[in-house]
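Shown below: upload_34.tsv, with TSV, C-alpha atoms and all ligand atoms.
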chain	number	residue	atom	x	y	z
A	1	MET	CA	-80.16	-0.95	-175.58
A	2	THR	CA	-78.19	-0.54	-172.40
A	3	ASP	CA	-80.36	2.39	-171.27
A	4	LEU	CA	-83.58	0.60	-172.07
A	5	PHE	CA	-82.71	-2.42	-169.90
A	6	ALA	CA	-80.74	-0.59	-167.23
A	7	GLY	CA	-83.69	-0.29	-164.86
A	8	MET	CA	-84.93	-3.83	-165.45
A	9	THR	CA	-82.12	-5.87	-164.00
A	10	GLY	CA	-84.18	-6.60	-160.87
A	11	PHE	CA	-86.57	-8.65	-163.00
A	12	LEU	CA	-83.91	-10.81	-164.59
A	13	PRO	CA	-82.84	-14.01	-162.86
A	14	ALA	CA	-79.59	-13.28	-161.03
A	15	LEU	CA	-77.06	-15.58	-162.61
A	16	GLU	CA	-73.35	-15.17	-162.06
A	17	ARG	CA	-70.86	-17.22	-164.10
A	18	ILE	CA	-67.87	-17.98	-161.88
A	19	ALA	CA	-65.88	-20.32	-164.17
A	20	ASP	CA	-66.29	-22.24	-167.41
A	21	GLY	CA	-69.22	-24.57	-166.57
A	22	ALA	CA	-69.87	-23.05	-163.12
A	23	LEU	CA	-72.47	-20.53	-162.01
A	24	LEU	CA	-74.30	-19.10	-159.03
A	25	LEU	CA	-78.06	-18.53	-159.03
A	26	ARG	CA	-79.30	-16.03	-156.46
A	27	GLY	CA	-82.62	-16.31	-154.62
A	28	PHE	CA	-83.59	-19.22	-156.83
A	29	PHE	CA	-86.14	-21.17	-154.76
A	30	ALA	CA	-88.28	-18.35	-153.36
A	31	ALA	CA	-91.61	-19.68	-154.73
A	32	THR	CA	-91.11	-23.26	-153.56
A	33	GLU	CA	-89.48	-22.47	-150.20
A	34	PRO	CA	-92.28	-23.66	-147.85
A	35	GLU	CA	-92.57	-27.03	-149.61
A	36	LEU	CA	-88.81	-27.46	-149.73
A	37	ILE	CA	-88.41	-26.80	-146.00
A	38	ALA	CA	-91.36	-29.04	-145.05
A	39	ASP	CA	-89.90	-31.87	-147.16
A	40	LEU	CA	-86.47	-31.33	-145.61
A	41	ARG	CA	-87.94	-31.62	-142.08
A	42	ALA	CA	-89.68	-34.89	-142.99
A	43	ILE	CA	-86.44	-36.39	-144.37
A	44	VAL	CA	-84.43	-35.43	-141.31
A	45	LYS	CA	-87.04	-37.01	-139.04
A	46	GLN	CA	-86.66	-40.31	-140.90
A	47	ALA	CA	-82.87	-40.14	-141.37
A	48	PRO	CA	-81.42	-37.84	-138.66
A	49	PHE	CA	-78.19	-35.89	-139.12
A	50	ARG	CA	-75.06	-37.69	-137.94
A	51	HIS	CA	-71.35	-36.88	-137.86
A	52	MET	CA	-69.55	-39.33	-140.12
A	53	VAL	CA	-65.93	-40.38	-139.82
A	54	THR	CA	-63.39	-40.04	-142.65
A	55	PRO	CA	-61.22	-43.00	-143.72
A	56	GLY	CA	-58.41	-41.28	-141.77
A	57	GLY	CA	-60.46	-41.43	-138.54
A	58	HIS	CA	-61.41	-37.74	-138.38
A	59	THR	CA	-64.99	-36.92	-137.29
A	60	MET	CA	-66.44	-34.36	-139.71
A	61	SER	CA	-67.63	-31.02	-138.27
A	62	VAL	CA	-70.49	-31.03	-140.79
A	63	ALA	CA	-73.39	-33.35	-139.87
A	64	MET	CA	-74.90	-35.27	-142.79
A	65	THR	CA	-77.82	-37.28	-144.02
A	66	ASN	CA	-79.17	-38.17	-147.48
A	67	CYS	CA	-82.28	-38.69	-149.53
A	68	GLY	CA	-82.70	-40.40	-152.88
A	69	ALA	CA	-81.88	-43.82	-154.29
A	70	SER	CA	-78.27	-43.48	-153.24
A	71	GLY	CA	-76.60	-41.73	-150.31
A	72	TRP	CA	-73.01	-40.57	-149.81
A	73	VAL	CA	-71.38	-42.09	-146.76
A	74	THR	CA	-67.94	-42.22	-145.24
A	75	ASP	CA	-66.45	-44.42	-142.53
A	76	ARG	CA	-63.10	-46.02	-141.74
A	77	SER	CA	-63.39	-48.18	-144.88
A	78	GLY	CA	-63.72	-45.24	-147.30
A	79	TYR	CA	-66.07	-42.89	-149.15
A	80	ARG	CA	-68.89	-44.45	-151.17
A	81	TYR	CA	-72.52	-44.30	-152.24
A	82	ASP	CA	-74.90	-46.71	-150.54
A	83	HIS	CA	-78.65	-47.18	-150.98
A	84	ILE	CA	-78.94	-48.15	-147.30
A	85	ASP	CA	-78.65	-45.71	-144.40
A	86	PRO	CA	-76.08	-47.41	-142.14
A	87	VAL	CA	-77.74	-45.95	-139.01
A	88	SER	CA	-81.27	-47.27	-139.65
A	89	GLY	CA	-80.41	-50.21	-141.91
A	90	GLN	CA	-83.24	-48.94	-144.17
A	91	PRO	CA	-83.12	-47.30	-147.61
A	92	TRP	CA	-82.63	-43.51	-147.51
A	93	PRO	CA	-85.87	-41.46	-147.64
A	94	ALA	CA	-87.09	-40.92	-151.21
A	95	MET	CA	-86.11	-37.70	-152.96
A	96	PRO	CA	-89.21	-35.47	-152.90
A	97	PRO	CA	-90.40	-33.87	-156.18
A	98	SER	CA	-89.73	-30.39	-154.70
A	99	PHE	CA	-86.02	-31.29	-154.40
A	100	ARG	CA	-85.77	-33.05	-157.75
A	101	ASP	CA	-87.52	-30.28	-159.71
A	102	LEU	CA	-85.46	-27.54	-158.11
A	103	ALA	CA	-82.22	-29.34	-158.99
A	104	ARG	CA	-83.35	-29.95	-162.56
A	105	ARG	CA	-84.37	-26.32	-163.08
A	106	ALA	CA	-81.11	-25.03	-161.60
A	107	ALA	CA	-79.01	-27.35	-163.79
A	108	GLU	CA	-80.93	-26.14	-166.84
A	109	GLN	CA	-79.84	-22.57	-166.09
A	110	GLY	CA	-76.26	-23.77	-166.50
A	111	GLY	CA	-77.03	-25.44	-169.81
A	112	PHE	CA	-77.16	-28.93	-168.28
A	113	ASP	CA	-80.49	-30.23	-169.55
A	114	HIS	CA	-82.42	-33.24	-168.20
A	115	PHE	CA	-80.47	-33.43	-164.93
A	116	ALA	CA	-81.93	-36.39	-163.03
A	117	PRO	CA	-80.20	-36.63	-159.63
A	118	ARG	CA	-80.20	-40.00	-157.82
A	119	ALA	CA	-78.55	-38.71	-154.68
A	120	CYS	CA	-79.02	-35.71	-152.44
A	121	LEU	CA	-76.45	-35.27	-149.68
A	122	ILE	CA	-77.78	-33.01	-146.93
A	123	ASN	CA	-75.11	-31.14	-144.97
A	124	ARG	CA	-75.74	-29.27	-141.72
A	125	TYR	CA	-73.24	-26.62	-140.62
A	126	VAL	CA	-73.40	-25.04	-137.17
A	127	PRO	CA	-71.15	-22.04	-136.40
A	128	GLY	CA	-67.52	-23.15	-136.71
A	129	ALA	CA	-68.28	-26.14	-138.97
A	130	LYS	CA	-66.45	-26.17	-142.29
A	131	MET	CA	-65.70	-28.31	-145.29
A	132	SER	CA	-62.10	-28.57	-146.48
A	133	LEU	CA	-61.22	-28.20	-150.15
A	134	HIS	CA	-62.09	-31.37	-152.05
A	135	GLN	CA	-63.28	-32.66	-155.43
A	136	ASP	CA	-66.59	-34.50	-155.84
A	137	LYS	CA	-65.22	-37.56	-157.57
A	138	ASP	CA	-66.97	-40.56	-156.00
A	139	GLU	CA	-69.53	-40.50	-158.85
A	140	LEU	CA	-69.17	-42.78	-161.89
A	141	ASP	CA	-70.91	-40.33	-164.23
A	142	LEU	CA	-68.87	-37.15	-164.34
A	143	GLY	CA	-70.91	-35.90	-167.32
A	144	ALA	CA	-73.66	-34.68	-164.98
A	145	PRO	CA	-73.18	-31.47	-162.96
A	146	ILE	CA	-73.29	-30.91	-159.20
A	147	VAL	CA	-76.17	-28.75	-157.98
A	148	SER	CA	-75.69	-27.29	-154.52
A	149	VAL	CA	-78.53	-25.47	-152.71
A	150	SER	CA	-78.00	-23.22	-149.66
A	151	LEU	CA	-80.49	-22.66	-146.83
A	152	GLY	CA	-80.10	-20.81	-143.56
A	153	LEU	CA	-77.05	-18.86	-142.42
A	154	PRO	CA	-74.74	-17.36	-145.05
A	155	ALA	CA	-71.52	-19.17	-145.90
A	156	THR	CA	-68.28	-18.41	-147.68
A	157	PHE	CA	-67.99	-20.85	-150.57
A	158	LEU	CA	-64.45	-21.54	-151.75
A	159	PHE	CA	-64.18	-22.36	-155.43
A	160	GLY	CA	-60.78	-23.27	-156.82
A	161	GLY	CA	-59.43	-24.84	-159.97
A	162	LEU	CA	-58.64	-28.37	-161.05
A	163	GLN	CA	-55.41	-28.44	-159.01
A	164	ARG	CA	-55.46	-28.49	-155.22
A	165	GLY	CA	-52.69	-25.87	-155.08
A	166	GLU	CA	-54.73	-23.18	-156.84
A	167	THR	CA	-55.94	-20.48	-154.45
A	168	PRO	CA	-59.76	-20.69	-154.34
A	169	ARG	CA	-61.91	-17.63	-154.90
A	170	LYS	CA	-64.52	-16.76	-152.26
A	171	PHE	CA	-68.24	-16.33	-152.89
A	172	ARG	CA	-70.94	-15.57	-150.37
A	173	LEU	CA	-73.82	-18.08	-150.42
A	174	ASP	CA	-77.08	-16.95	-148.85
A	175	HIS	CA	-80.36	-18.72	-148.14
A	176	GLY	CA	-81.88	-19.37	-151.58
A	177	ASP	CA	-78.64	-19.37	-153.55
A	178	ILE	CA	-77.65	-22.30	-155.74
A	179	ALA	CA	-74.22	-23.18	-157.13
A	180	VAL	CA	-74.00	-25.38	-160.23
A	181	TRP	CA	-70.74	-26.80	-161.57
A	182	GLY	CA	-70.16	-29.26	-164.37
A	183	GLY	CA	-68.43	-29.74	-167.72
A	184	PRO	CA	-64.91	-28.28	-167.54
A	185	SER	CA	-65.50	-27.33	-163.86
A	186	ARG	CA	-66.93	-30.68	-162.74
A	187	LEU	CA	-63.78	-31.66	-160.83
A	188	ALA	CA	-63.03	-28.18	-159.47
A	189	PHE	CA	-61.78	-28.12	-155.87
A	190	HIS	CA	-64.32	-26.51	-153.55
A	191	GLY	CA	-65.09	-26.14	-149.87
A	192	VAL	CA	-66.78	-24.01	-147.24
A	193	ALA	CA	-65.03	-21.67	-144.74
A	194	PRO	CA	-65.92	-22.03	-141.03
A	195	LEU	CA	-69.51	-20.84	-140.57
A	196	ALA	CA	-69.90	-17.56	-138.68
A	197	ASP	CA	-72.27	-17.21	-135.72
A	198	GLY	CA	-75.79	-16.10	-136.45
A	199	GLU	CA	-79.48	-16.84	-136.32
A	200	HIS	CA	-81.46	-17.29	-139.53
A	201	PRO	CA	-85.15	-16.28	-139.24
A	202	LEU	CA	-86.41	-19.52	-140.82
A	203	MET	CA	-83.63	-22.02	-140.21
A	204	GLY	CA	-82.20	-20.95	-136.86
A	205	PRO	CA	-78.49	-21.00	-135.96
A	206	GLN	CA	-77.38	-23.27	-138.82
A	207	ARG	CA	-76.79	-23.61	-142.54
A	208	ILE	CA	-78.20	-26.50	-144.55
A	209	ASN	CA	-76.78	-27.45	-147.93
A	210	LEU	CA	-78.39	-29.86	-150.38
A	211	THR	CA	-75.96	-31.34	-152.89
A	212	PHE	CA	-77.51	-33.16	-155.82
A	213	ARG	CA	-75.57	-35.68	-157.88
A	214	LYS	CA	-76.49	-38.09	-160.62
A	215	VAL	CA	-73.90	-40.56	-159.24
A	216	ALA	CA	-74.04	-43.39	-161.80
A	301	LIG	C1	-70.12	-30.03	-150.53
A	301	LIG	O1	-69.15	-29.77	-151.22
A	301	LIG	O2	-70.54	-31.19	-150.40
A	301	LIG	C2	-70.85	-28.97	-149.75
A	301	LIG	C3	-70.78	-27.61	-150.34
A	301	LIG	C4	-71.60	-26.63	-149.53
A	301	LIG	O3	-71.92	-26.91	-148.36
A	301	LIG	O4	-71.91	-25.55	-150.04
A	302	FE2	FE	-68.38	-31.24	-152.57
Could you express the structure from this file as structure tokens?
Amino acid sequence: MTDLFAGMTGFLPALERIADGALLLRGFFAATEPELIADLRAIVKQAPFRHMVTPGGHTMSVAMTNCGASGWVTDRSGYRYDHIDPVSGQPWPAMPPSFRDLARRAAEQGGFDHFAPRACLINRYVPGAKMSLHQDKDELDLGAPIVSVSLGLPATFLFGGLQRGETPRKFRLDHGDIAVWGGPSRLAFHGVAPLADGEHPLMGPQRINLTFRKVA
């Protein structure tokens, strides 16, 4: 058996289990890339990236926007989901089918069927930007997974355990890679190390991350 399949691994979807309920999918959106990037550009035109402020008064190095029925926001009054973009006073741009379908298919690979995200947080990292270790716990429904799509420059993803003190493991995330975590890993601490300098052929000197959540 081993010999028969040894030369075929290039044809199998690259799926790496990193914890109970957590996995990485490599090069997952190749076929839908042009549509995904065109849709992303349209969203950012309507709801431009902005640097939000944490409840503690710290301006985040990652610039953010959202699409979908609900968007994640932070300001001096706290973290929350809101269906209105506080900058425009309008609802967030709708979540395009290219985004929704990608997230659903990725979740399925992790055994999370029928994932129907209501929120997509869009993070933009320029060299030096980072995201400190945190849990995604502003969502009411913790039964649904998080699906996190990487575009542009490579990043070092930090994936820890359920306790903040646990030393996170490091995983490289490239353009086209998707991380999925749910079930026993849903509240795992995670973050992103400071982005290294570089120039991505399609995306330029930045990394974009799409994080899909069901929210409620
Ligand atoms: C996040 O945790 O919201 C972002 C993760 C990432 O940028 O890969
Ligand atoms: Fe997160």
| request: Select, from A:Met131, A:Ile37, A:Ala31, A:Ala22, the residue with the minimum atom-to-atom distance to A:Gly183, counting all atoms listed in the file. | output: A:Ala22
| request: List the neighbours of stretch 65-78 of chain A out to 8 Å using all atoms listed in the file; skip same-chain residues closer than 2 positions along the sequence, and give me the result as number ranges by chain. | output: A: 43-44, 47-50, 52-57, 63, 80-85, 91-95, 118-123, 215
Go ahead and dump the residues you just picked, C-alpha atoms, as a short mmCIF file (atom, residue, chain, number, x, y, z; two decimals), in the frame of the given file.
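The resulting file, part.cif, is shown below:
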data_model
loop_
_atom_site.label_atom_id
_atom_site.label_comp_id
_atom_site.auth_asym_id
_atom_site.auth_seq_id
_atom_site.Cartn_x
_atom_site.Cartn_y
_atom_site.Cartn_z
CA ILE A 43 -86.44 -36.39 -144.37
CA VAL A 44 -84.43 -35.43 -141.31
CA ALA A 47 -82.87 -40.14 -141.37
CA PRO A 48 -81.42 -37.84 -138.66
CA PHE A 49 -78.19 -35.89 -139.12
CA ARG A 50 -75.06 -37.69 -137.94
CA MET A 52 -69.55 -39.33 -140.12
CA VAL A 53 -65.93 -40.38 -139.82
CA THR A 54 -63.39 -40.04 -142.65
CA PRO A 55 -61.22 -43.00 -143.72
CA GLY A 56 -58.41 -41.28 -141.77
CA GLY A 57 -60.46 -41.43 -138.54
CA ALA A 63 -73.39 -33.35 -139.87
CA ARG A 80 -68.89 -44.45 -151.17
CA TYR A 81 -72.52 -44.30 -152.24
CA ASP A 82 -74.90 -46.71 -150.54
CA HIS A 83 -78.65 -47.18 -150.98
CA ILE A 84 -78.94 -48.15 -147.30
CA ASP A 85 -78.65 -45.71 -144.40
CA PRO A 91 -83.12 -47.30 -147.61
CA TRP A 92 -82.63 -43.51 -147.51
CA PRO A 93 -85.87 -41.46 -147.64
CA ALA A 94 -87.09 -40.92 -151.21
CA MET A 95 -86.11 -37.70 -152.96
CA ARG A 118 -80.20 -40.00 -157.82
CA ALA A 119 -78.55 -38.71 -154.68
CA CYS A 120 -79.02 -35.71 -152.44
CA LEU A 121 -76.45 -35.27 -149.68
CA ILE A 122 -77.78 -33.01 -146.93
CA ASN A 123 -75.11 -31.14 -144.97
CA VAL A 215 -73.90 -40.56 -159.24
#
| Neighbourhood of ligand LIG 301 (chain A) at 9 Å, counting all atoms listed in the file, reported as JSON, numbers by chain | {"A": [62, 121, 122, 123, 124, 125, 130, 131, 132, 133, 134, 135, 136, 148, 149, 150, 155, 156, 157, 158, 173, 178, 179, 189, 190, 191, 192, 207, 208, 209, 210, 211]}
| field | Residue contacts of A:His175 (8 Å, only C-alpha atoms) excluding same-chain residues fewer than 6 positions away, as a list in words | value | Gly27, Ser150, Leu151, Gly152, Leu153 and Pro154 of chain A
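In this structure, atom CA of A:Asp138 sits 14.4 Å away from atom CA of A:Gly182.
Among the candidates A:Pro96, A:Pro127, A:Gly204, A:Gly160, the one nearest to ligand FE2 302 (chain A) when counting all atoms listed in the file is A:Gly160.
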| task | For atom CA of A:Lys214 and atom CA of A:Ala103, quote the distance in Å rounded to one decimal. | result | 10.6 Å
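Coordinates place atom CA of A:Ala42 at a distance of 17.9 Å from atom CA of A:Gly89.
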| message | Taking all atoms listed in the file into account, name the residue in A:Pro184, A:Pro97, A:Pro145, A:Pro117 that is nearest to ligand FE2 302 (chain A). | response | A:Pro145
Missing atoms in stretch 127-138 of chain A: fill them in up to all heavy atoms and send the result as a PDB file, keeping the file's coordinate frame.
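Saved as part05.pdb:
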ATOM      1  N   PRO A 127     -72.285 -22.955-136.424  1.00  0.00           N
ATOM      2  CA  PRO A 127     -71.150 -22.040-136.400  1.00  0.00           C
ATOM      3  C   PRO A 127     -69.843 -22.785-136.072  1.00  0.00           C
ATOM      4  O   PRO A 127     -69.796 -23.612-135.156  1.00  0.00           O
ATOM      5  CB  PRO A 127     -71.545 -21.019-135.341  1.00  0.00           C
ATOM      6  CG  PRO A 127     -73.051 -20.955-135.495  1.00  0.00           C
ATOM      7  CD  PRO A 127     -73.463 -22.383-135.737  1.00  0.00           C
ATOM      8  N   GLY A 128     -68.819 -22.500-136.877  1.00  0.00           N
ATOM      9  CA  GLY A 128     -67.520 -23.150-136.710  1.00  0.00           C
ATOM     10  C   GLY A 128     -67.319 -24.342-137.631  1.00  0.00           C
ATOM     11  O   GLY A 128     -66.185 -24.699-137.949  1.00  0.00           O
ATOM     12  N   ALA A 129     -68.420 -24.974-138.082  1.00  0.00           N
ATOM     13  CA  ALA A 129     -68.280 -26.140-138.970  1.00  0.00           C
ATOM     14  C   ALA A 129     -67.789 -25.677-140.338  1.00  0.00           C
ATOM     15  O   ALA A 129     -68.099 -24.569-140.794  1.00  0.00           O
ATOM     16  CB  ALA A 129     -69.611 -26.870-139.107  1.00  0.00           C
ATOM     17  N   LYS A 130     -67.026 -26.529-140.997  1.00  0.00           N
ATOM     18  CA  LYS A 130     -66.450 -26.170-142.290  1.00  0.00           C
ATOM     19  C   LYS A 130     -66.295 -27.411-143.148  1.00  0.00           C
ATOM     20  O   LYS A 130     -66.408 -28.542-142.648  1.00  0.00           O
ATOM     21  CB  LYS A 130     -65.075 -25.530-142.097  1.00  0.00           C
ATOM     22  CG  LYS A 130     -64.036 -26.503-141.527  1.00  0.00           C
ATOM     23  CD  LYS A 130     -62.688 -25.824-141.403  1.00  0.00           C
ATOM     24  CE  LYS A 130     -61.660 -26.638-140.650  1.00  0.00           C
ATOM     25  NZ  LYS A 130     -61.113 -27.797-141.295  1.00  0.00           N
ATOM     26  N   MET A 131     -66.032 -27.193-144.426  1.00  0.00           N
ATOM     27  CA  MET A 131     -65.700 -28.310-145.290  1.00  0.00           C
ATOM     28  C   MET A 131     -64.414 -27.978-146.040  1.00  0.00           C
ATOM     29  O   MET A 131     -64.348 -26.989-146.753  1.00  0.00           O
ATOM     30  CB  MET A 131     -66.842 -28.601-146.270  1.00  0.00           C
ATOM     31  CG  MET A 131     -66.534 -29.835-147.029  1.00  0.00           C
ATOM     32  SD  MET A 131     -67.875 -30.858-147.600  1.00  0.00           S
ATOM     33  CE  MET A 131     -69.173 -30.700-146.496  1.00  0.00           C
ATOM     34  N   SER A 132     -63.404 -28.809-145.844  1.00  0.00           N
ATOM     35  CA  SER A 132     -62.100 -28.570-146.480  1.00  0.00           C
ATOM     36  C   SER A 132     -62.206 -28.706-147.983  1.00  0.00           C
ATOM     37  O   SER A 132     -63.124 -29.357-148.497  1.00  0.00           O
ATOM     38  CB  SER A 132     -61.080 -29.569-145.956  1.00  0.00           C
ATOM     39  OG  SER A 132     -61.086 -29.567-144.555  1.00  0.00           O
ATOM     40  N   LEU A 133     -61.243 -28.121-148.680  1.00  0.00           N
ATOM     41  CA  LEU A 133     -61.220 -28.200-150.150  1.00  0.00           C
ATOM     42  C   LEU A 133     -61.188 -29.652-150.596  1.00  0.00           C
ATOM     43  O   LEU A 133     -60.395 -30.442-150.087  1.00  0.00           O
ATOM     44  CB  LEU A 133     -59.966 -27.501-150.680  1.00  0.00           C
ATOM     45  CG  LEU A 133     -59.992 -25.991-150.865  1.00  0.00           C
ATOM     46  CD1 LEU A 133     -58.709 -25.560-151.563  1.00  0.00           C
ATOM     47  CD2 LEU A 133     -61.212 -25.530-151.659  1.00  0.00           C
ATOM     48  N   HIS A 134     -62.035 -29.997-151.536  1.00  0.00           N
ATOM     49  CA  HIS A 134     -62.090 -31.370-152.050  1.00  0.00           C
ATOM     50  C   HIS A 134     -62.690 -31.352-153.450  1.00  0.00           C
ATOM     51  O   HIS A 134     -63.259 -30.346-153.880  1.00  0.00           O
ATOM     52  CB  HIS A 134     -62.959 -32.241-151.126  1.00  0.00           C
ATOM     53  CG  HIS A 134     -64.396 -31.815-151.122  1.00  0.00           C
ATOM     54  ND1 HIS A 134     -64.857 -30.761-150.362  1.00  0.00           N
ATOM     55  CD2 HIS A 134     -65.480 -32.262-151.813  1.00  0.00           C
ATOM     56  CE1 HIS A 134     -66.149 -30.585-150.569  1.00  0.00           C
ATOM     57  NE2 HIS A 134     -66.555 -31.484-151.454  1.00  0.00           N
ATOM     58  N   GLN A 135     -62.586 -32.464-154.147  1.00  0.00           N
ATOM     59  CA  GLN A 135     -63.280 -32.660-155.430  1.00  0.00           C
ATOM     60  C   GLN A 135     -64.406 -33.646-155.187  1.00  0.00           C
ATOM     61  O   GLN A 135     -64.253 -34.570-154.393  1.00  0.00           O
ATOM     62  CB  GLN A 135     -62.335 -33.268-156.464  1.00  0.00           C
ATOM     63  CG  GLN A 135     -61.181 -32.392-156.864  1.00  0.00           C
ATOM     64  CD  GLN A 135     -60.167 -33.194-157.678  1.00  0.00           C
ATOM     65  OE1 GLN A 135     -59.542 -34.120-157.179  1.00  0.00           O
ATOM     66  NE2 GLN A 135     -60.015 -32.834-158.940  1.00  0.00           N
ATOM     67  N   ASP A 136     -65.534 -33.486-155.893  1.00  0.00           N
ATOM     68  CA  ASP A 136     -66.590 -34.500-155.840  1.00  0.00           C
ATOM     69  C   ASP A 136     -66.256 -35.509-156.933  1.00  0.00           C
ATOM     70  O   ASP A 136     -66.522 -35.257-158.102  1.00  0.00           O
ATOM     71  CB  ASP A 136     -67.969 -33.864-156.116  1.00  0.00           C
ATOM     72  CG  ASP A 136     -68.457 -33.024-154.943  1.00  0.00           C
ATOM     73  OD1 ASP A 136     -67.710 -32.846-153.971  1.00  0.00           O
ATOM     74  OD2 ASP A 136     -69.603 -32.545-155.011  1.00  0.00           O
ATOM     75  N   LYS A 137     -65.667 -36.611-156.531  1.00  0.00           N
ATOM     76  CA  LYS A 137     -65.220 -37.560-157.570  1.00  0.00           C
ATOM     77  C   LYS A 137     -65.552 -39.003-157.225  1.00  0.00           C
ATOM     78  O   LYS A 137     -64.941 -39.927-157.743  1.00  0.00           O
ATOM     79  CB  LYS A 137     -63.723 -37.383-157.845  1.00  0.00           C
ATOM     80  CG  LYS A 137     -62.862 -37.559-156.630  1.00  0.00           C
ATOM     81  CD  LYS A 137     -61.388 -37.475-156.985  1.00  0.00           C
ATOM     82  CE  LYS A 137     -60.579 -37.779-155.753  1.00  0.00           C
ATOM     83  NZ  LYS A 137     -59.161 -37.587-155.893  1.00  0.00           N
ATOM     84  N   ASP A 138     -66.538 -39.200-156.327  1.00  0.00           N
ATOM     85  CA  ASP A 138     -66.970 -40.560-156.000  1.00  0.00           C
ATOM     86  C   ASP A 138     -68.092 -41.009-156.932  1.00  0.00           C
ATOM     87  O   ASP A 138     -68.673 -42.082-156.732  1.00  0.00           O
ATOM     88  CB  ASP A 138     -67.438 -40.639-154.544  1.00  0.00           C
ATOM     89  CG  ASP A 138     -66.318 -40.259-153.584  1.00  0.00           C
ATOM     90  OD1 ASP A 138     -65.165 -40.612-153.881  1.00  0.00           O
ATOM     91  OD2 ASP A 138     -66.594 -39.599-152.570  1.00  0.00           O
TER      92      ASP A 138
END
